[in-house]
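Raw query-v9.tsv, TSV, C-alpha atoms and all ligand atoms:
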chain	number	residue	atom	x	y	z
A	1	MET	CA	-20.33	-18.21	127.70
A	2	SER	CA	-19.50	-15.22	125.55
A	3	THR	CA	-16.68	-14.83	123.07
A	4	PRO	CA	-14.91	-11.47	122.85
A	5	ILE	CA	-15.60	-9.69	119.56
A	6	PRO	CA	-12.48	-8.48	117.75
A	7	HIS	CA	-13.10	-4.77	117.15
A	8	THR	CA	-10.91	-4.62	114.07
A	9	LEU	CA	-12.68	-7.27	112.01
A	10	VAL	CA	-16.01	-5.63	111.43
A	11	GLU	CA	-16.70	-2.84	108.93
A	12	PRO	CA	-18.45	0.11	110.62
A	13	VAL	CA	-22.18	-0.44	110.31
A	14	ARG	CA	-24.15	2.19	108.35
A	15	ASP	CA	-27.80	3.24	108.51
A	16	THR	CA	-30.30	3.78	105.67
A	17	ARG	CA	-28.78	7.23	105.07
A	18	VAL	CA	-25.25	5.76	105.02
A	19	ARG	CA	-24.40	7.33	108.37
A	20	PRO	CA	-21.79	5.33	110.29
A	21	LEU	CA	-22.09	4.45	113.96
A	22	HIS	CA	-19.29	6.31	115.70
A	23	ASP	CA	-20.38	7.63	119.11
A	24	LEU	CA	-22.21	6.04	122.00
A	25	ARG	CA	-23.77	8.13	124.76
A	26	ILE	CA	-24.48	6.09	127.82
A	27	SER	CA	-27.00	7.32	130.38
A	28	VAL	CA	-26.11	5.73	133.70
A	29	ILE	CA	-29.04	7.06	135.74
A	30	ASP	CA	-32.34	8.85	135.16
A	31	ARG	CA	-32.26	10.78	138.45
A	32	CYS	CA	-30.94	14.30	138.85
A	33	ASN	CA	-30.13	16.72	141.64
A	34	PHE	CA	-31.27	19.66	139.46
A	35	ARG	CA	-34.61	20.44	137.85
A	36	CYS	CA	-33.55	22.56	134.87
A	37	PRO	CA	-36.72	24.01	133.31
A	38	TYR	CA	-35.59	23.10	129.78
A	39	CYS	CA	-35.06	19.43	130.72
A	40	MET	CA	-36.87	18.28	133.85
A	41	PRO	CA	-39.15	21.15	134.89
A	42	GLU	CA	-40.20	20.80	138.52
A	43	ASP	CA	-43.79	21.89	137.88
A	44	GLN	CA	-44.32	19.65	134.85
A	45	TYR	CA	-42.88	16.26	135.42
A	46	ALA	CA	-45.25	14.26	137.51
A	47	HIS	CA	-44.48	14.20	141.20
A	48	ASP	CA	-45.48	10.56	141.24
A	49	HIS	CA	-42.93	9.97	138.44
A	50	VAL	CA	-41.24	6.68	139.13
A	51	PHE	CA	-37.51	6.65	138.52
A	52	LEU	CA	-35.81	3.41	137.60
A	53	ALA	CA	-35.22	0.98	140.44
A	54	LYS	CA	-31.70	-0.32	140.95
A	55	ASP	CA	-32.35	-3.69	139.28
A	56	GLN	CA	-33.93	-1.98	136.27
A	57	ARG	CA	-30.71	-0.10	135.58
A	58	LEU	CA	-27.95	-1.83	133.70
A	59	ARG	CA	-25.15	-3.05	135.94
A	60	PHE	CA	-21.63	-1.91	135.08
A	61	GLU	CA	-20.77	-5.34	133.64
A	62	GLU	CA	-23.82	-5.10	131.39
A	63	ILE	CA	-22.91	-1.60	130.23
A	64	GLU	CA	-19.40	-2.81	129.47
A	65	ARG	CA	-20.66	-5.76	127.41
A	66	ILE	CA	-23.01	-3.55	125.42
A	67	ALA	CA	-20.25	-0.96	124.92
A	68	ARG	CA	-17.92	-3.68	123.61
A	69	ALA	CA	-20.53	-4.72	121.08
A	70	PHE	CA	-20.88	-1.10	119.94
A	71	VAL	CA	-17.12	-0.74	119.63
A	72	SER	CA	-17.04	-3.85	117.46
A	73	LEU	CA	-19.46	-2.04	115.11
A	74	GLY	CA	-17.39	1.13	114.73
A	75	VAL	CA	-17.93	3.17	117.90
A	76	ARG	CA	-14.75	4.92	119.03
A	77	LYS	CA	-16.09	7.55	121.43
A	78	LEU	CA	-18.05	7.00	124.61
A	79	ARG	CA	-19.78	9.70	126.63
A	80	LEU	CA	-21.32	9.10	130.05
A	81	THR	CA	-24.39	11.15	130.85
A	82	GLY	CA	-27.75	11.02	132.60
A	83	GLY	CA	-29.76	12.42	134.53
A	84	GLU	CA	-26.82	13.44	136.60
A	85	PRO	CA	-24.19	10.74	136.03
A	86	LEU	CA	-22.25	11.54	139.20
A	87	LEU	CA	-25.26	10.38	141.23
A	88	ARG	CA	-24.48	6.84	140.08
A	89	ARG	CA	-22.49	5.11	142.79
A	90	ASP	CA	-18.88	4.19	141.93
A	91	LEU	CA	-18.95	5.87	138.52
A	92	PRO	CA	-15.11	5.95	138.33
A	93	GLU	CA	-15.20	2.14	138.40
A	94	LEU	CA	-17.36	2.14	135.25
A	95	VAL	CA	-14.91	4.55	133.60
A	96	ARG	CA	-12.09	2.16	134.47
A	97	GLN	CA	-13.94	-0.77	132.90
A	98	LEU	CA	-14.80	1.15	129.73
A	99	ALA	CA	-11.28	2.54	129.35
A	100	ARG	CA	-9.98	-1.04	129.07
A	101	ILE	CA	-12.04	-1.79	125.95
A	102	PRO	CA	-9.69	-2.07	122.96
A	103	GLY	CA	-10.74	0.35	120.22
A	104	VAL	CA	-12.12	3.08	122.49
A	105	VAL	CA	-10.18	6.26	121.77
A	106	ASP	CA	-12.14	8.75	123.84
A	107	ILE	CA	-14.17	8.67	127.05
A	108	ALA	CA	-16.01	11.81	128.13
A	109	LEU	CA	-18.54	12.79	130.78
A	110	THR	CA	-21.29	15.43	130.81
A	111	THR	CA	-22.22	16.67	134.28
A	112	ASN	CA	-23.84	19.62	136.03
A	113	GLY	CA	-20.59	19.80	138.01
A	114	VAL	CA	-21.91	19.93	141.56
A	115	LEU	CA	-20.33	16.64	142.60
A	116	LEU	CA	-17.00	17.17	140.83
A	117	PRO	CA	-15.16	18.27	143.99
A	118	ARG	CA	-15.79	14.76	145.29
A	119	PHE	CA	-15.12	12.77	142.11
A	120	ALA	CA	-12.90	14.69	139.67
A	121	GLN	CA	-9.60	13.11	140.74
A	122	ALA	CA	-10.99	9.57	140.86
A	123	LEU	CA	-12.52	10.01	137.39
A	124	ARG	CA	-9.22	11.26	136.01
A	125	ASP	CA	-7.29	8.40	137.63
A	126	ALA	CA	-9.79	5.92	136.18
A	127	GLY	CA	-9.07	7.11	132.63
A	128	LEU	CA	-11.70	9.77	131.91
A	129	GLN	CA	-10.24	11.95	129.17
A	130	ARG	CA	-12.66	14.81	128.70
A	131	LEU	CA	-15.22	16.68	130.69
A	132	THR	CA	-18.25	18.79	129.75
A	133	VAL	CA	-19.83	20.87	132.50
A	134	SER	CA	-23.21	22.53	132.06
A	135	LEU	CA	-23.10	26.20	133.03
A	136	ASP	CA	-26.02	28.34	131.93
A	137	SER	CA	-25.18	31.60	133.68
A	138	LEU	CA	-22.64	33.18	136.02
A	139	ASP	CA	-25.31	35.32	137.61
A	140	PRO	CA	-26.22	33.61	140.93
A	141	ALA	CA	-29.96	34.28	140.69
A	142	THR	CA	-30.28	33.19	137.04
A	143	PHE	CA	-28.17	30.12	137.66
A	144	HIS	CA	-30.30	29.16	140.65
A	145	LYS	CA	-33.46	29.60	138.60
A	146	LEU	CA	-32.09	27.50	135.73
A	147	SER	CA	-31.20	24.69	138.11
A	148	GLY	CA	-34.84	24.59	139.15
A	149	GLY	CA	-33.95	26.11	142.52
A	150	ARG	CA	-31.61	23.23	143.38
A	151	GLY	CA	-28.10	24.52	142.64
A	152	GLN	CA	-25.78	27.40	143.46
A	153	ILE	CA	-23.26	28.79	140.99
A	154	GLU	CA	-20.45	28.57	143.60
A	155	GLU	CA	-20.86	24.79	143.69
A	156	VAL	CA	-20.33	24.48	139.95
A	157	LEU	CA	-17.37	26.87	139.98
A	158	ALA	CA	-15.85	24.74	142.76
A	159	GLY	CA	-16.48	21.69	140.57
A	160	ILE	CA	-14.67	23.26	137.62
A	161	ALA	CA	-11.75	24.22	139.90
A	162	ALA	CA	-11.58	20.63	141.20
A	163	ALA	CA	-11.54	19.32	137.64
A	164	GLU	CA	-8.70	21.67	136.72
A	165	ALA	CA	-6.75	20.56	139.81
A	166	ALA	CA	-7.29	16.93	138.77
A	167	GLY	CA	-5.68	17.64	135.40
A	168	PHE	CA	-8.67	18.23	133.10
A	169	SER	CA	-7.99	20.99	130.58
A	170	ARG	CA	-10.02	22.31	127.64
A	171	ILE	CA	-13.20	21.66	129.62
A	172	LYS	CA	-16.34	22.25	127.56
A	173	LEU	CA	-18.85	24.52	129.27
A	174	ASN	CA	-22.35	24.02	127.88
A	175	CYS	CA	-24.84	26.87	128.09
A	176	VAL	CA	-28.44	26.37	126.93
A	177	VAL	CA	-29.65	29.80	125.86
A	178	MET	CA	-33.27	30.86	126.42
A	179	ARG	CA	-34.49	34.24	125.27
A	180	GLY	CA	-35.34	36.56	128.13
A	181	VAL	CA	-33.97	34.09	130.68
A	182	ASN	CA	-30.18	34.02	130.30
A	183	ASP	CA	-29.41	35.38	126.83
A	184	MET	CA	-28.50	38.80	128.23
A	185	GLN	CA	-25.67	37.21	130.23
A	186	ILE	CA	-23.82	35.37	127.51
A	187	LEU	CA	-21.07	37.98	127.13
A	188	ASP	CA	-20.16	37.60	130.83
A	189	LEU	CA	-19.71	33.88	130.31
A	190	VAL	CA	-17.56	34.41	127.24
A	191	GLU	CA	-15.44	37.03	128.99
A	192	ARG	CA	-14.88	34.82	132.03
A	193	TYR	CA	-13.55	31.86	130.04
A	194	ARG	CA	-11.75	33.55	127.15
A	195	GLY	CA	-8.07	32.84	127.46
A	196	THR	CA	-8.47	30.01	130.01
A	197	GLY	CA	-8.24	27.16	127.51
A	198	HIS	CA	-11.81	26.07	128.34
A	199	ILE	CA	-14.42	26.18	125.59
A	200	VAL	CA	-17.83	27.77	126.14
A	201	ARG	CA	-20.48	26.22	123.89
A	202	PHE	CA	-23.87	27.79	123.36
A	203	ILE	CA	-26.70	25.33	122.71
A	204	GLU	CA	-29.96	26.33	121.05
A	205	TYR	CA	-32.88	25.52	123.33
A	206	MET	CA	-34.38	22.31	121.91
A	207	ASP	CA	-37.83	20.71	122.00
A	208	VAL	CA	-36.57	17.56	123.71
A	209	GLY	CA	-39.09	15.40	125.53
A	210	THR	CA	-42.66	16.51	126.19
A	211	LEU	CA	-42.45	18.54	129.36
A	212	ASN	CA	-40.42	21.68	128.76
A	213	GLY	CA	-43.12	23.78	127.08
A	214	TRP	CA	-40.77	24.58	124.20
A	215	ARG	CA	-41.61	27.59	122.09
A	216	GLU	CA	-39.68	28.62	119.05
A	217	ASP	CA	-39.65	32.27	120.13
A	218	LEU	CA	-37.57	31.29	123.19
A	219	VAL	CA	-34.78	29.97	120.95
A	220	VAL	CA	-31.88	32.34	120.36
A	221	THR	CA	-30.25	31.20	117.16
A	222	SER	CA	-26.51	30.65	116.95
A	223	ALA	CA	-26.39	33.23	114.13
A	224	GLU	CA	-27.74	35.86	116.52
A	225	LEU	CA	-25.34	34.82	119.29
A	226	ILE	CA	-22.36	34.83	116.95
A	227	ALA	CA	-23.24	38.37	115.80
A	228	ARG	CA	-23.57	39.57	119.39
A	229	ILE	CA	-20.29	38.02	120.51
A	230	ALA	CA	-18.35	38.99	117.38
A	231	ALA	CA	-19.39	42.64	117.83
A	232	ARG	CA	-17.37	42.60	121.07
A	233	TRP	CA	-14.61	40.08	120.23
A	234	PRO	CA	-14.08	39.40	116.51
A	235	LEU	CA	-14.38	35.68	115.64
A	236	GLN	CA	-12.97	33.48	112.90
A	237	PRO	CA	-14.61	30.20	111.86
A	238	LEU	CA	-12.56	27.05	112.46
A	239	GLU	CA	-12.58	23.75	110.57
A	240	ARG	CA	-14.50	20.89	112.14
A	241	ASN	CA	-12.31	18.52	114.18
A	242	TYR	CA	-14.02	15.48	112.63
A	243	GLY	CA	-17.08	14.53	110.56
A	244	GLY	CA	-20.25	14.46	112.65
A	245	GLU	CA	-19.00	17.05	115.15
A	246	VAL	CA	-22.05	18.83	116.51
A	247	ALA	CA	-20.53	22.22	117.38
A	248	GLN	CA	-19.57	24.91	114.89
A	249	ARG	CA	-16.24	26.17	116.17
A	250	TYR	CA	-14.94	29.74	116.17
A	251	ALA	CA	-11.60	31.20	117.31
A	252	PHE	CA	-11.23	34.60	118.92
A	253	ALA	CA	-9.31	36.70	116.39
A	254	ASP	CA	-7.04	37.94	119.20
A	255	GLY	CA	-5.86	34.41	119.97
A	256	ALA	CA	-7.81	34.00	123.26
A	257	GLY	CA	-9.02	30.49	122.40
A	258	GLU	CA	-12.25	29.16	120.92
A	259	ILE	CA	-16.00	28.92	121.45
A	260	GLY	CA	-18.66	26.66	119.97
A	261	PHE	CA	-22.28	26.80	118.88
A	262	ILE	CA	-24.71	23.88	118.71
A	263	SER	CA	-27.52	24.77	116.35
A	264	SER	CA	-29.79	21.75	116.28
A	265	VAL	CA	-32.87	23.96	115.75
A	266	SER	CA	-31.68	26.55	113.20
A	267	GLN	CA	-29.17	24.35	111.35
A	268	PRO	CA	-30.06	20.68	111.89
A	269	PHE	CA	-27.11	18.29	111.62
A	270	CYS	CA	-29.05	15.04	111.16
A	271	GLY	CA	-27.23	14.49	107.86
A	272	ASP	CA	-24.06	13.27	109.52
A	273	CYS	CA	-25.33	12.22	112.94
A	274	SER	CA	-23.35	9.18	114.05
A	275	ARG	CA	-24.59	8.98	117.65
A	276	ALA	CA	-26.40	6.15	119.38
A	277	ARG	CA	-27.83	6.53	122.87
A	278	LEU	CA	-28.22	3.89	125.54
A	279	SER	CA	-30.66	4.63	128.36
A	280	ALA	CA	-29.95	3.59	131.93
A	281	ASP	CA	-32.42	0.69	131.55
A	282	GLY	CA	-30.70	-0.62	128.45
A	283	LYS	CA	-32.74	0.78	125.59
A	284	LEU	CA	-31.01	1.81	122.40
A	285	TYR	CA	-32.23	5.13	120.98
A	286	THR	CA	-31.06	6.15	117.54
A	287	CYS	CA	-32.21	9.76	117.87
A	288	LEU	CA	-32.40	12.29	120.72
A	289	PHE	CA	-36.00	12.92	119.69
A	290	ALA	CA	-37.04	9.27	119.36
A	291	GLN	CA	-40.40	8.10	120.67
A	292	SER	CA	-39.22	4.65	121.67
A	293	GLY	CA	-36.08	2.64	122.21
A	294	PHE	CA	-34.96	-0.87	121.35
A	295	ASP	CA	-34.54	-3.04	124.42
A	296	LEU	CA	-31.10	-4.61	124.83
A	297	ARG	CA	-31.44	-5.45	128.54
A	298	GLU	CA	-33.96	-8.21	128.05
A	299	PRO	CA	-31.88	-10.24	125.56
A	300	LEU	CA	-28.76	-9.53	127.60
A	301	ARG	CA	-30.35	-10.90	130.78
A	302	ALA	CA	-31.84	-13.81	128.84
A	303	GLY	CA	-28.32	-14.97	127.97
A	304	ALA	CA	-27.56	-13.38	124.59
A	305	SER	CA	-23.96	-13.92	123.53
A	306	ASP	CA	-21.71	-11.03	122.51
A	307	THR	CA	-22.25	-11.99	118.89
A	308	ASP	CA	-26.04	-11.94	119.38
A	309	LEU	CA	-25.80	-8.47	120.93
A	310	GLN	CA	-23.63	-7.26	118.11
A	311	ALA	CA	-26.14	-8.56	115.54
A	312	LEU	CA	-29.11	-6.94	117.32
A	313	ILE	CA	-27.40	-3.56	117.45
A	314	ALA	CA	-26.18	-3.79	113.85
A	315	GLN	CA	-29.67	-4.68	112.65
A	316	ARG	CA	-31.26	-1.81	114.54
A	317	TRP	CA	-28.67	0.70	113.27
A	318	ALA	CA	-29.02	-0.55	109.70
A	319	GLN	CA	-32.77	0.24	109.85
A	320	ARG	CA	-32.21	3.74	111.23
A	321	ALA	CA	-33.81	6.55	109.23
A	322	ASP	CA	-34.26	9.24	111.93
A	323	ARG	CA	-33.86	12.91	111.02
A	324	TYR	CA	-36.17	14.64	113.47
A	325	SER	CA	-34.47	18.04	113.49
A	326	GLU	CA	-34.70	18.32	109.72
A	327	ARG	CA	-38.43	17.49	109.91
A	328	ARG	CA	-39.20	19.37	113.14
A	329	ALA	CA	-41.77	21.80	111.70
A	330	GLU	CA	-43.67	19.10	109.79
A	331	LEU	CA	-43.71	16.62	112.68
A	332	ARG	CA	-44.75	19.23	115.23
A	333	ALA	CA	-47.52	20.47	112.93
A	334	ARG	CA	-48.78	16.89	112.66
A	335	GLY	CA	-48.77	16.71	116.45
A	336	GLU	CA	-46.46	13.69	116.51
A	337	ASP	CA	-45.21	13.62	120.04
A	338	GLY	CA	-44.40	11.31	122.92
A	339	LYS	CA	-40.65	11.84	122.62
A	340	VAL	CA	-38.40	10.33	125.26
A	341	GLU	CA	-37.30	12.77	127.99
A	342	MET	CA	-33.73	14.05	127.86
A	343	PHE	CA	-33.05	13.17	131.50
A	344	ALA	CA	-33.82	9.55	130.54
A	345	ILE	CA	-31.37	9.29	127.66
A	346	GLY	CA	-28.88	12.07	128.27
A	347	GLY	CA	-27.49	14.82	126.07
B	401	LIG	C1	-29.51	16.00	129.90
B	401	LIG	S1	-28.01	16.70	130.52
B	401	LIG	C2	-27.28	15.30	131.35
B	401	LIG	C3	-25.96	15.55	132.02
B	401	LIG	C4	-25.93	16.49	133.20
B	401	LIG	N1	-27.03	16.33	134.09
B	401	LIG	C5	-25.81	17.92	132.73
B	401	LIG	O1	-26.75	18.68	132.89
B	401	LIG	O2	-24.74	18.26	132.20
B	401	LIG	C6	-26.95	16.85	129.10
B	401	LIG	C7	-26.96	18.18	128.40
B	401	LIG	O3	-28.21	18.39	127.79
B	401	LIG	C8	-28.51	19.77	127.79
B	401	LIG	N2	-29.95	19.96	127.63
B	401	LIG	C9	-30.94	19.48	128.41
B	401	LIG	N3	-32.15	19.88	127.95
B	401	LIG	C10	-31.92	20.66	126.85
B	401	LIG	C11	-32.76	21.37	125.93
B	401	LIG	N4	-34.07	21.38	126.07
B	401	LIG	N5	-32.17	22.02	124.92
B	401	LIG	C12	-30.81	22.03	124.78
B	401	LIG	N6	-29.98	21.37	125.59
B	401	LIG	C13	-30.52	20.70	126.63
B	401	LIG	C14	-28.00	20.17	129.16
B	401	LIG	O4	-27.79	21.54	129.27
B	401	LIG	C15	-26.72	19.40	129.29
B	401	LIG	O5	-25.62	20.15	128.82
B	402	LIG	S1	-29.97	19.22	132.12
B	402	LIG	FE1	-28.77	17.82	133.39
B	402	LIG	S2	-28.74	18.88	135.38
B	402	LIG	FE2	-30.41	19.79	134.26
B	402	LIG	S3	-32.23	18.60	134.86
B	402	LIG	FE3	-31.43	17.73	132.93
B	402	LIG	S4	-30.18	16.05	133.59
B	402	LIG	FE4	-30.45	17.41	135.38
Could you show the structure in this file as structure tokens?
Ligand SMILES: C[S@@+](CC[C@H](N)C(=O)[O-])C[C@H]1O[C@@H](n2cnc3c(N)ncnc32)[C@H](O)[C@@H]1O
Ligand code: SF4
Amino acid sequence: MSTPIPHTLVEPVRDTRVRPLHDLRISVIDRCNFRCPYCMPEDQYAHDHVFLAKDQRLRFEEIERIARAFVSLGVRKLRLTGGEPLLRRDLPELVRQLARIPGVVDIALTTNGVLLPRFAQALRDAGLQRLTVSLDSLDPATFHKLSGGRGQIEEVLAGIAAAEAAGFSRIKLNCVVMRGVNDMQILDLVERYRGTGHIVRFIEYMDVGTLNGWREDLVVTSAELIARIAARWPLQPLERNYGGEVAQRYAFADGAGEIGFISSVSQPFCGDCSRARLSADGKLYTCLFAQSGFDLREPLRAGASDTDLQALIAQRWAQRADRYSERRAELRARGEDGKVEMFAIGG
């Protein structure tokens, strides 16, 4: 029998670098309907790769219990991700359960957008507050290529339209930029969404996982992108919305809204990273580039109380010392690898 944990009674837990625990990203599934070359390249990940079976994935009740424990330790923001989270059956029901947790101030979802026409309204009705849609190019051929040959740009544009119709505004549109692949099309993306209220965010191509064949020369730094965009539409830097925010924000000087840049390679932000990640099979990862996770499913299924769960998570966070992006060059030179794949723990 578990006792509810009052979320107001516990001081936010801090790690060895005094970073608080503030955000939880929950991967609900490791499967995806795309094969983006920077995440889950079709020709690299093993065709006999075994995805999680249904009983290996956390059930919604289990996710909710774990989320409550996180909230009791200081988490205020939840983000659902994957794989492709909309492939998880009844996802709006999970949103509804998470939205009921006292202390949660923000619930967001990251999706490739293809299934939004089917689910946007139900997600909104269930209490989803914010939406991020991945959109790497408006050019049909480039988009198709970057989906690993699985997606069409029209499907994602229909998804964004469905989200707007369901009442989502200020949608974040994430674009991973790869030199020579889609970097020549960034101005089209900016032009299309300037003045709409939505926020295009350019993400530096990262060396997540082990499969994407990352090369530093394929990274287009945010500094270069900012210069290219500002030459066409002058930009003004904006203050961060909150500590630990990953994107550097800029406003268009002509008042047509804002854009963002996520510079994990050229300007690592490990120093104030307050994000924990829960994989679909219940492992806690304290860094996107971690090599292993801390299993919460086993104790949960063995009957751990809410207080036990809270203590396990607090202990693990208190030991956290990760700062991969700050040490990228050194760790790569040493050949330390075996990082978890991004489709397993989400963005
Ligand atoms: C792993 S996906 C999961 C959610 C959903 N399938 C989607 O694509 O939006 C989350 C985010 O990670 C980003 N991402 C994946 N691999 C990346 C990489 N190597 N570098 C930078 N961003 C990456 C994706 O573009 C996406 O915006
Ligand atoms: S980035 Fe998202 S859509 Fe692309 S393969 Fe990874 S999980 Fe799937």
Could you pull the residues within 9 Å of Met206 in chain A, counting all atoms listed in the file, minus those fewer than 3 positions along the same chain, as a list in words?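 The filter keeps Tyr38, Val176, Ile203, Trp214, Arg215, Glu216, Val219, Ser264 and Val265 of chain A.
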Contact check, chain A to ligand LIG 401 (chain B), at most 6 Å, counting only C-alpha atoms and all ligand atoms, closest pairs as CSV:
residue,atom,partner,partner_atom,distance
A:Tyr38,CA,B:LIG401,N4,4.4
A:Cys39,CA,B:LIG401,N3,4.0
A:Thr81,CA,B:LIG401,C3,4.8
A:Gly82,CA,B:LIG401,C2,4.5
A:Gly83,CA,B:LIG401,N1,4.8
A:Glu84,CA,B:LIG401,N1,3.8
A:Thr110,CA,B:LIG401,O2,4.7
A:Thr111,CA,B:LIG401,O2,3.6
A:Asn112,CA,B:LIG401,O2,4.2
A:Val133,CA,B:LIG401,O2,5.6
A:Ser134,CA,B:LIG401,O2,4.5
A:Asn174,CA,B:LIG401,O5,5.2
A:Val176,CA,B:LIG401,C12,5.4
A:Ile203,CA,B:LIG401,C12,5.7
A:Glu204,CA,B:LIG401,C12,5.8
A:Tyr205,CA,B:LIG401,N5,3.9
A:Met206,CA,B:LIG401,N5,3.7
A:Asp207,CA,B:LIG401,N4,5.6
A:Val208,CA,B:LIG401,N4,5.1
A:Met342,CA,B:LIG401,C1,5.1
A:Phe343,CA,B:LIG401,C1,4.8
A:Gly346,CA,B:LIG401,C1,4.3
A:Gly347,CA,B:LIG401,C6,3.7
Could you pull the residues within 8 Å of Ser169 in chain A, counting all atoms listed in the file, minus those fewer than 5 positions along the same chain, as a list in words?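 In the requested form, the answer reads Arg130, Glu164, Gly197 and His198 of chain A.
All protein, DNA and RNA residues at most 12 Å from (-20.4, 4.9, 105.1) are Glu11, Pro12, Val13, Arg14, Asp15, Thr16, Arg17, Val18, Arg19, Pro20, Leu21, His22, Gly74, Gly243, Asp272, Cys273, Ser274 and Ala318 of chain A, using only C-alpha atoms.
Distance check against Arg118 in chain A using all atoms listed in the file: of A:Val177, A:Ala166, A:Val104, A:Leu146, the minimum falls on A:Ala166.
Nearest to ligand LIG 402 (chain B) of all the residues A:Glu42, A:Asp188, A:Asp322, A:Glu330 is A:Glu42, counting all atoms listed in the file.
A straight line drawn from CA of Ile26 in chain A to CA of Ser292 in chain A is 16.0 Å long.
Minimum distance to ligand LIG 402 (chain B) across A:Phe70, A:Phe143, A:Phe119, A:Tyr250 (counting all atoms listed in the file) occurs at A:Phe143.
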For Ala314 in chain A, which residue among A:Met40, A:Ala165, A:Ala53, A:Ala69 is the nearest when counting only C-alpha atoms?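 Among the listed residues, the smallest separation from Ala314 in chain A belongs to A:Ala69.
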Find the residues near Ile313 in chain A: any atom within 9 Å, counting all atoms listed in the file, skip ones fewer than 4 places away on the same chain, and give them as number ranges by chain. A: 69-70, 73, 284, 294, 296, 308-309, 317-318
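Of the residues under consideration (A:Gly260, A:Gly103, A:Pro117, A:Gly180), A:Pro117 shows the shortest atom-to-atom contact distance to Glu155 in chain A when counting all atoms listed in the file.
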Could you give me the axis-aligned bounding box of range 323-339 of chain A, with 3 Å of padding per side, as centre plus edge lengths in Å to one decimal, as lines of an AutoDock Vina configuration file?
center_x = -41.3
center_y = 16.6
center_z = 116.3
size_x = 20.9
size_y = 16.5
size_z = 19.2
Would you be able to write out as a count of residues only which residues have an atom within 6 Å of (-15.6, 32.0, 128.1) in the file's coordinates, counting all atoms listed in the file? 7
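Residue nearest ligand LIG 402 (chain B), chosen from A:Ser279, A:Ser27, A:Ser147, A:Gln44 and counting all atoms listed in the file: A:Ser147.
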Rounded to one decimal, what separation in Å do you get between CA of Leu123 in chain A and CA of Gly167 in chain A? 10.4 Å
